[in-house]
>>> print(open('start_3.cif').read())   # mmCIF, C-alpha atoms
data_input
loop_
_atom_site.label_atom_id
_atom_site.label_comp_id
_atom_site.auth_asym_id
_atom_site.auth_seq_id
_atom_site.Cartn_x
_atom_site.Cartn_y
_atom_site.Cartn_z
CA MET A 1 0.00 0.00 0.00
CA ALA A 2 2.85 2.36 0.82
CA LYS A 3 4.39 1.57 -2.56
CA LYS A 4 1.21 2.58 -4.39
CA GLU A 5 1.04 5.87 -2.52
CA LYS A 6 4.65 6.64 -3.43
CA PHE A 7 3.87 6.13 -7.14
CA ARG A 8 0.95 8.54 -6.98
CA ARG A 9 3.09 11.22 -5.39
CA LYS A 10 5.55 10.89 -8.23
CA GLN A 11 2.76 11.37 -10.75
CA LEU A 12 1.53 14.41 -8.87
CA LYS A 13 5.02 15.86 -8.76
CA GLU A 14 5.38 15.52 -12.56
CA ALA A 15 1.96 17.12 -13.07
CA ASP A 16 2.97 20.00 -10.84
CA GLN A 17 6.13 20.48 -12.88
CA PHE A 18 4.12 20.54 -16.14
CA LEU A 19 1.63 23.04 -14.71
CA THR A 20 4.45 25.20 -13.43
CA MET A 21 6.12 25.24 -16.86
CA THR A 22 2.80 26.06 -18.56
CA GLU A 23 2.15 28.88 -16.12
CA ASN A 24 5.61 30.27 -16.75
CA VAL A 25 5.06 30.21 -20.51
CA MET A 26 1.69 31.91 -20.15
CA LEU A 27 3.18 34.46 -17.79
CA TYR A 28 6.03 35.19 -20.21
CA THR A 29 3.61 35.44 -23.12
CA SER A 30 1.36 37.79 -21.20
CA LYS A 31 4.26 39.93 -20.09
CA HIS A 32 5.85 40.15 -23.57
CA SER A 33 2.70 39.99 -25.69
CA LYS A 34 3.51 43.17 -27.62
CA SER A 35 7.01 41.99 -28.53
CA ILE A 36 5.74 38.56 -29.57
CA MET A 37 2.97 40.05 -31.70
CA ALA A 38 5.43 42.42 -33.35
CA ALA A 39 7.85 39.57 -34.11
CA SER A 40 5.03 37.44 -35.51
CA ALA A 41 3.82 40.31 -37.65
CA GLY A 42 7.38 40.81 -38.90
CA VAL A 43 7.66 37.14 -39.91
CA VAL A 44 4.31 37.30 -41.72
CA ILE A 45 5.31 40.48 -43.55
CA LEU A 46 8.64 38.90 -44.56
CA ILE A 47 6.91 35.78 -45.89
CA LEU A 48 4.40 37.88 -47.84
CA ALA A 49 7.22 40.02 -49.25
CA ILE A 50 9.12 36.93 -50.45
CA MET A 51 5.97 35.50 -52.00
CA GLY A 52 5.22 38.83 -53.68
CA PHE A 53 8.76 39.12 -55.04
CA ARG A 54 8.63 35.62 -56.48
CA TYR A 55 5.23 36.26 -58.03
CA ASN A 56 6.34 39.54 -59.58
CA SER A 57 9.50 37.88 -60.91
CA GLN A 58 7.47 35.13 -62.54
CA VAL A 59 5.02 37.61 -64.06
CA ASN A 60 7.89 39.75 -65.38
CA ALA A 61 9.66 36.70 -66.83
CA MET A 62 6.47 35.67 -68.63
CA ARG A 63 6.04 39.19 -69.98
CA MET A 64 9.63 39.21 -71.27
CA GLU A 65 9.13 35.84 -72.99
CA ALA A 66 5.97 37.16 -74.65
CA LEU A 67 7.89 40.25 -75.80
CA TYR A 68 10.69 38.09 -77.21
CA SER A 69 8.11 36.00 -79.06
CA ASP A 70 6.62 39.22 -80.50
CA MET A 71 10.08 40.21 -81.75
CA THR A 72 10.64 36.91 -83.54
CA GLN A 73 7.16 37.07 -85.06
CA LEU A 74 7.73 40.64 -86.23
CA ILE A 75 10.97 39.65 -87.96
CA LYS A 76 9.24 36.68 -89.57
CA ASP A 77 6.24 38.70 -90.75
CA LYS A 78 8.31 41.61 -92.10
CA LYS A 79 11.17 39.64 -93.66
CA ASP A 80 10.25 40.75 -97.19
CA GLN A 81 9.98 44.43 -96.23
CA ASP A 82 12.68 47.05 -96.05
CA ALA A 83 14.73 46.53 -92.88
CA LYS A 84 14.55 50.26 -92.18
CA GLU A 85 10.83 49.92 -91.52
CA VAL A 86 11.24 47.11 -88.99
CA ARG A 87 14.39 48.26 -87.21
CA PRO A 88 12.86 51.07 -85.06
CA GLN A 89 10.18 48.71 -83.78
CA LEU A 90 12.76 46.08 -82.81
CA VAL A 91 14.98 48.65 -81.08
CA LYS A 92 12.00 49.93 -79.09
CA MET A 93 11.06 46.39 -78.04
CA VAL A 94 14.60 45.63 -76.87
CA ASP A 95 14.52 48.75 -74.69
CA GLU A 96 11.40 47.42 -72.96
CA PHE A 97 13.26 44.40 -71.59
CA SER A 98 14.46 44.37 -67.99
CA ASP A 99 18.20 43.89 -67.50
CA GLY A 100 19.17 40.23 -67.43
CA SER A 101 19.57 37.16 -69.60
CA GLN A 102 16.30 37.77 -71.48
CA LYS A 103 17.46 41.20 -72.58
CA LEU A 104 20.75 39.69 -73.75
CA ARG A 105 18.77 37.22 -75.86
CA ALA A 106 16.75 40.09 -77.32
CA LYS A 107 19.94 41.99 -78.17
CA LEU A 108 21.31 38.89 -79.88
CA LEU A 109 18.12 38.65 -81.93
CA LEU A 110 18.44 42.28 -82.98
CA ALA A 111 22.15 41.82 -83.74
CA ASP A 112 21.31 38.83 -85.97
CA PHE A 113 18.73 41.01 -87.74
CA TYR A 114 21.39 43.66 -88.40
CA TYR A 115 23.83 41.02 -89.64
CA ARG A 116 21.35 39.41 -92.06
CA ASN A 117 20.56 42.82 -93.48
CA GLY A 118 24.19 43.75 -94.03
CA ASP A 119 24.43 46.35 -91.26
CA TYR A 120 27.65 44.91 -89.86
CA SER A 121 28.64 47.99 -87.86
CA GLN A 122 25.42 47.89 -85.80
CA ALA A 123 25.69 44.10 -85.49
CA LEU A 124 29.25 44.37 -84.17
CA ASP A 125 28.21 46.97 -81.58
CA LEU A 126 25.42 44.75 -80.25
CA TYR A 127 27.42 41.53 -80.28
CA ASN A 128 30.21 43.29 -78.38
CA ALA A 129 27.67 44.63 -75.87
CA VAL A 130 26.31 41.13 -75.22
CA LYS A 131 29.78 39.61 -75.00
CA SER A 132 30.93 42.18 -72.44
CA SER A 133 27.71 41.89 -70.39
CA SER A 134 27.50 38.09 -70.29
CA LYS A 135 29.41 35.58 -68.24
CA PHE A 136 32.38 33.91 -69.91
CA GLY A 137 31.36 30.45 -71.14
CA ASP A 138 27.61 31.15 -71.08
CA LEU A 139 25.61 30.45 -74.24
CA GLN A 140 24.88 34.14 -74.79
CA ASN A 141 28.61 34.88 -74.58
CA GLN A 142 29.41 32.14 -77.10
CA LEU A 143 26.68 33.20 -79.52
CA ALA A 144 27.91 36.78 -79.33
CA THR A 145 31.45 35.58 -80.09
CA ILE A 146 30.41 33.61 -83.18
CA GLY A 147 28.25 36.57 -84.24
CA LEU A 148 31.30 38.83 -83.97
CA ALA A 149 33.36 36.38 -86.03
CA TYR A 150 30.82 36.27 -88.87
CA SER A 151 30.31 40.03 -88.79
CA TYR A 152 34.05 40.71 -88.92
CA GLU A 153 34.40 38.25 -91.79
CA SER A 154 31.54 39.85 -93.74
CA ASN A 155 33.08 43.25 -93.05
CA LYS A 156 36.39 41.92 -94.47
CA GLU A 157 38.11 42.31 -91.10
CA TYR A 158 39.50 38.79 -91.27
CA LYS A 159 42.12 39.01 -88.53
CA GLN A 160 39.52 40.11 -85.99
CA GLY A 161 37.26 37.30 -87.18
CA ILE A 162 40.08 34.80 -86.74
CA GLU A 163 40.66 36.08 -83.21
CA MET A 164 37.00 35.48 -82.28
CA LEU A 165 36.98 31.99 -83.79
CA ARG A 166 40.20 31.10 -81.98
CA ASP A 167 38.60 32.33 -78.77
CA LEU A 168 35.74 29.85 -79.20
CA ILE A 169 38.05 26.97 -80.11
CA ASP A 170 40.27 27.59 -77.09
CA ASN A 171 37.27 27.84 -74.75
CA PRO A 172 34.47 25.74 -76.30
CA GLN A 173 32.49 24.98 -73.11
CA GLY A 174 30.47 22.41 -75.09
CA PHE A 175 29.88 24.63 -78.15
CA PRO A 176 29.77 22.61 -81.45
CA LEU A 177 33.06 23.32 -83.20
CA PHE A 178 32.87 21.82 -86.69
CA ASP A 179 31.45 24.97 -88.30
CA VAL A 180 33.77 27.11 -86.18
CA TYR A 181 36.83 25.30 -87.56
CA LEU A 182 35.42 25.53 -91.09
CA SER A 183 34.88 29.27 -90.67
CA LEU A 184 38.40 29.65 -89.32
CA ALA A 185 39.85 27.89 -92.37
CA ARG A 186 37.77 30.14 -94.63
CA CYS A 187 38.94 33.30 -92.83
CA TYR A 188 42.58 32.25 -93.22
CA GLU A 189 41.97 31.65 -96.92
CA LEU A 190 40.29 35.04 -97.35
CA ASP A 191 43.22 36.61 -95.49
CA ASN A 192 45.57 35.05 -98.07
CA SER A 193 46.95 32.50 -95.60
CA ASN A 194 46.29 29.29 -97.53
CA THR A 195 48.98 27.40 -95.62
CA LYS A 196 47.25 28.06 -92.28
CA SER A 197 43.90 27.26 -93.85
CA LEU A 198 45.19 23.87 -94.97
CA GLN A 199 46.57 23.22 -91.47
CA ILE A 200 43.13 23.83 -89.96
CA LEU A 201 41.40 21.64 -92.55
CA ARG A 202 43.81 18.74 -91.98
CA GLU A 203 43.34 19.09 -88.24
CA MET A 204 39.61 18.76 -88.90
CA GLN A 205 40.15 15.48 -90.76
CA THR A 206 41.62 14.05 -87.57
CA ARG A 207 39.34 15.75 -85.10
CA PHE A 208 35.99 15.14 -86.85
CA VAL A 209 36.51 11.71 -88.39
CA ASP A 210 32.85 10.67 -88.23
CA HIS A 211 31.25 14.03 -88.96
CA PRO A 212 28.57 13.77 -91.71
CA GLN A 213 29.89 16.90 -93.46
CA LEU A 214 33.53 15.91 -93.53
CA HIS A 215 33.32 15.75 -97.34
CA LEU A 216 33.27 19.58 -97.32
CA VAL A 217 36.66 19.54 -95.65
CA ASP A 218 38.08 17.00 -98.12
CA ARG A 219 36.82 19.07 -101.06
CA GLN A 220 38.33 22.28 -99.67
CA ILE A 221 41.68 20.56 -99.08
CA LYS A 222 41.76 19.44 -102.73
CA LYS A 223 40.94 22.93 -103.88
CA LEU A 224 43.66 24.64 -101.82
CA SER A 225 46.23 21.94 -102.58
CA ALA A 226 45.67 22.48 -106.31
CA GLN A 227 46.33 26.20 -105.87
CA ALA A 228 49.58 25.65 -103.98
#
>>> encode(input="start_3.cif", output="structure tokens")
Amino acid sequence: MAKKEKFRRKQLKEADQFLTMTENVMLYTSKHSKSIMAASAGVVILILAIMGFRYNSQVNAMRMEALYSDMTQLIKDKKDQDAKEVRPQLVKMVDEFSDGSQKLRAKLLLADFYYRNGDYSQALDLYNAVKSSSKFGDLQNQLATIGLAYSYESNKEYKQGIEMLRDLIDNPQGFPLFDVYLSLARCYELDNSNTKSLQILREMQTRFVDHPQLHLVDRQIKKLSAQA
């Protein structure tokens, strides 16, 4: 009987401890209610701010994608018209983009438009702007580099074109290089450096053994060899 009574006292002691802890919590809460409410309100505001920022970012990204789609459609619809009529609209649309990767893509699109219409000076300016604003090794940076190479070549600035192509070859970062090598060989040829062009083409024979367009390389080697 004494043993049973001892057990009950232990239970009562634990209950007292629980009640004491609860009372202390309630007392602390009552005493610091304003601070606790302010902290809770701060957490709620922070959560709402994060959610709002994410939502606005998503909405803005969707708007930029829609704007980019409008640019591509405009170029497609107006391809048979005078470029001078389309250019101001494209420039205005690019200015509407927020700074970031989507604006770099839009600038690349406009630069390609300039290039296809023979405005190499404007194309070079935009490609250089994208290259300097993008991270080394990123796709936008690589596309700007190849755009610079083609624009320099078309503008008969072959040495600058060669420099850009060499830049891509030395730092490919996964970029497909067959056409880059072929362009490099062509630039050397146009720059009256047939020996270097042949070196590049023969390197391609080893490097791209199974490429489906290797016959272009073989044909160019025969052509340059006959001229030597």
>>> resolve_selection(input="start_3.cif", expression="the PyMOL selection byres ((chain A and resi 69) around 12)", output="compact mmCIF listing (two decimals) with C-alpha atoms, in the frame of the given file")
# COMPACT_ATOMS: atom_id res chain seq x y z
CA MET A 62 6.47 35.67 -68.63
CA ARG A 63 6.04 39.19 -69.98
CA MET A 64 9.63 39.21 -71.27
CA GLU A 65 9.13 35.84 -72.99
CA ALA A 66 5.97 37.16 -74.65
CA LEU A 67 7.89 40.25 -75.80
CA TYR A 68 10.69 38.09 -77.21
CA ASP A 70 6.62 39.22 -80.50
CA MET A 71 10.08 40.21 -81.75
CA THR A 72 10.64 36.91 -83.54
CA GLN A 73 7.16 37.07 -85.06
CA LEU A 74 7.73 40.64 -86.23
CA ILE A 75 10.97 39.65 -87.96
CA LYS A 76 9.24 36.68 -89.57
CA LEU A 90 12.76 46.08 -82.81
CA MET A 93 11.06 46.39 -78.04
CA VAL A 94 14.60 45.63 -76.87
CA GLN A 102 16.30 37.77 -71.48
CA ARG A 105 18.77 37.22 -75.86
CA ALA A 106 16.75 40.09 -77.32
CA LEU A 109 18.12 38.65 -81.93
>>> residues_around(input="start_3.cif", residues="A:Ala83", least_positions_apart="3", cutoff="7 Å", atoms="all atoms listed in the file", output="PDB file with C-alpha atoms, keeping the file's coordinate frame")
ATOM      1  CA  VAL A  86      11.240  47.110 -88.990  1.00  0.00           C
ATOM      2  CA  ARG A  87      14.390  48.260 -87.210  1.00  0.00           C
ATOM      3  CA  ASN A 117      20.560  42.820 -93.480  1.00  0.00           C
TER       4      ASN A 117
END
>>> resolve_selection(input="start_3.cif", expression="the PyMOL selection byres ((chain A and resi 227) around 12)", output="list in words")
Glu189, Asn192, Asn194, Thr195, Leu198, Gln220, Ile221, Lys222, Lys223, Leu224, Ser225, Ala226 and Ala228 of chain A
>>> residues_around(input="start_3.cif", residues="A:Gly174", least_positions_apart="5", cutoff="12 Å", atoms="all atoms listed in the file", output="list in words")
Gly137, Asp138, Leu139, Gln142, Leu168 and Ile169 of chain A
>>> residues_around(input="start_3.cif", residues="A:Lys196", least_positions_apart="3", cutoff="12 Å", atoms="all atoms listed in the file", output="NGL selection string")
:A and (162 or 181 or 184-193 or 199-203 or 221 or 224)
>>> resolve_selection(input="start_3.cif", expression="the PyMOL selection byres ((chain A and resi 167) around 12)", output="PyMOL selection string")
chain A and resi 136-137+141-146+148-149+160-166+168-173+175+177+180-181+184
>>> atom_distance(input="start_3.cif", atom1="atom CA of A:Lys107", atom2="atom CA of A:Val91")
8.8 Å
>>> atom_distance(input="start_3.cif", atom1="atom CA of A:Ser197", atom2="atom CA of A:Val130")
29.1 Å
>>> residues_around(input="start_3.cif", residues="A:Ser154", least_positions_apart="5", cutoff="9 Å", atoms="all atoms listed in the file", output="PDB file with C-alpha atoms, keeping the file's coordinate frame")
ATOM      1  CA  TYR A 115      23.830  41.020 -89.640  1.00  0.00           C
ATOM      2  CA  GLY A 118      24.190  43.750 -94.030  1.00  0.00           C
ATOM      3  CA  TYR A 120      27.650  44.910 -89.860  1.00  0.00           C
ATOM      4  CA  ALA A 149      33.360  36.380 -86.030  1.00  0.00           C
TER       5      ALA A 149
END
>>> atom_distance(input="start_3.cif", atom1="atom CA of A:Asp179", atom2="atom CA of A:Arg116")
18.0 Å
>>> residues_around(input="start_3.cif", residues="A:Ala129", least_positions_apart="2", cutoff="12 Å", atoms="only C-alpha atoms", output="mmCIF file with C-alpha atoms, in the frame of the given file")
data_model
loop_
_atom_site.group_PDB
_atom_site.id
_atom_site.type_symbol
_atom_site.label_atom_id
_atom_site.label_comp_id
_atom_site.auth_asym_id
_atom_site.auth_seq_id
_atom_site.Cartn_x
_atom_site.Cartn_y
_atom_site.Cartn_z
ATOM 1 C CA LYS A 103 17.460 41.200 -72.580
ATOM 2 C CA LEU A 104 20.750 39.690 -73.750
ATOM 3 C CA ARG A 105 18.770 37.220 -75.860
ATOM 4 C CA ALA A 106 16.750 40.090 -77.320
ATOM 5 C CA LYS A 107 19.940 41.990 -78.170
ATOM 6 C CA LEU A 108 21.310 38.890 -79.880
ATOM 7 C CA LEU A 110 18.440 42.280 -82.980
ATOM 8 C CA ALA A 111 22.150 41.820 -83.740
ATOM 9 C CA GLN A 122 25.420 47.890 -85.800
ATOM 10 C CA ALA A 123 25.690 44.100 -85.490
ATOM 11 C CA LEU A 124 29.250 44.370 -84.170
ATOM 12 C CA ASP A 125 28.210 46.970 -81.580
ATOM 13 C CA LEU A 126 25.420 44.750 -80.250
ATOM 14 C CA TYR A 127 27.420 41.530 -80.280
ATOM 15 C CA LYS A 131 29.780 39.610 -75.000
ATOM 16 C CA SER A 132 30.930 42.180 -72.440
ATOM 17 C CA SER A 133 27.710 41.890 -70.390
ATOM 18 C CA SER A 134 27.500 38.090 -70.290
ATOM 19 C CA LYS A 135 29.410 35.580 -68.240
ATOM 20 C CA GLN A 140 24.880 34.140 -74.790
ATOM 21 C CA ASN A 141 28.610 34.880 -74.580
ATOM 22 C CA ALA A 144 27.910 36.780 -79.330
ATOM 23 C CA THR A 145 31.450 35.580 -80.090
ATOM 24 C CA GLY A 147 28.250 36.570 -84.240
ATOM 25 C CA LEU A 148 31.300 38.830 -83.970
#
>>> decode(input="start_3.cif", residues="stretch 124-146 of chain A", atoms="C-alpha atoms", output="PDB file, in the first residue's frame")
ATOM      1  CA  LEU A 124      29.249  44.366 -84.169  1.00  0.00           C
ATOM      2  CA  ASP A 125      28.211  46.965 -81.581  1.00  0.00           C
ATOM      3  CA  LEU A 126      25.415  44.751 -80.247  1.00  0.00           C
ATOM      4  CA  TYR A 127      27.424  41.533 -80.284  1.00  0.00           C
ATOM      5  CA  ASN A 128      30.205  43.287 -78.384  1.00  0.00           C
ATOM      6  CA  ALA A 129      27.674  44.633 -75.870  1.00  0.00           C
ATOM      7  CA  VAL A 130      26.309  41.126 -75.222  1.00  0.00           C
ATOM      8  CA  LYS A 131      29.780  39.608 -74.996  1.00  0.00           C
ATOM      9  CA  SER A 132      30.930  42.178 -72.435  1.00  0.00           C
ATOM     10  CA  SER A 133      27.711  41.889 -70.392  1.00  0.00           C
ATOM     11  CA  SER A 134      27.495  38.085 -70.290  1.00  0.00           C
ATOM     12  CA  LYS A 135      29.415  35.578 -68.237  1.00  0.00           C
ATOM     13  CA  PHE A 136      32.379  33.912 -69.915  1.00  0.00           C
ATOM     14  CA  GLY A 137      31.356  30.451 -71.138  1.00  0.00           C
ATOM     15  CA  ASP A 138      27.605  31.151 -71.079  1.00  0.00           C
ATOM     16  CA  LEU A 139      25.614  30.447 -74.239  1.00  0.00           C
ATOM     17  CA  GLN A 140      24.884  34.143 -74.789  1.00  0.00           C
ATOM     18  CA  ASN A 141      28.606  34.877 -74.584  1.00  0.00           C
ATOM     19  CA  GLN A 142      29.414  32.139 -77.100  1.00  0.00           C
ATOM     20  CA  LEU A 143      26.675  33.198 -79.522  1.00  0.00           C
ATOM     21  CA  ALA A 144      27.914  36.783 -79.331  1.00  0.00           C
ATOM     22  CA  THR A 145      31.454  35.578 -80.085  1.00  0.00           C
ATOM     23  CA  ILE A 146      30.411  33.614 -83.179  1.00  0.00           C
TER      24      ILE A 146
END
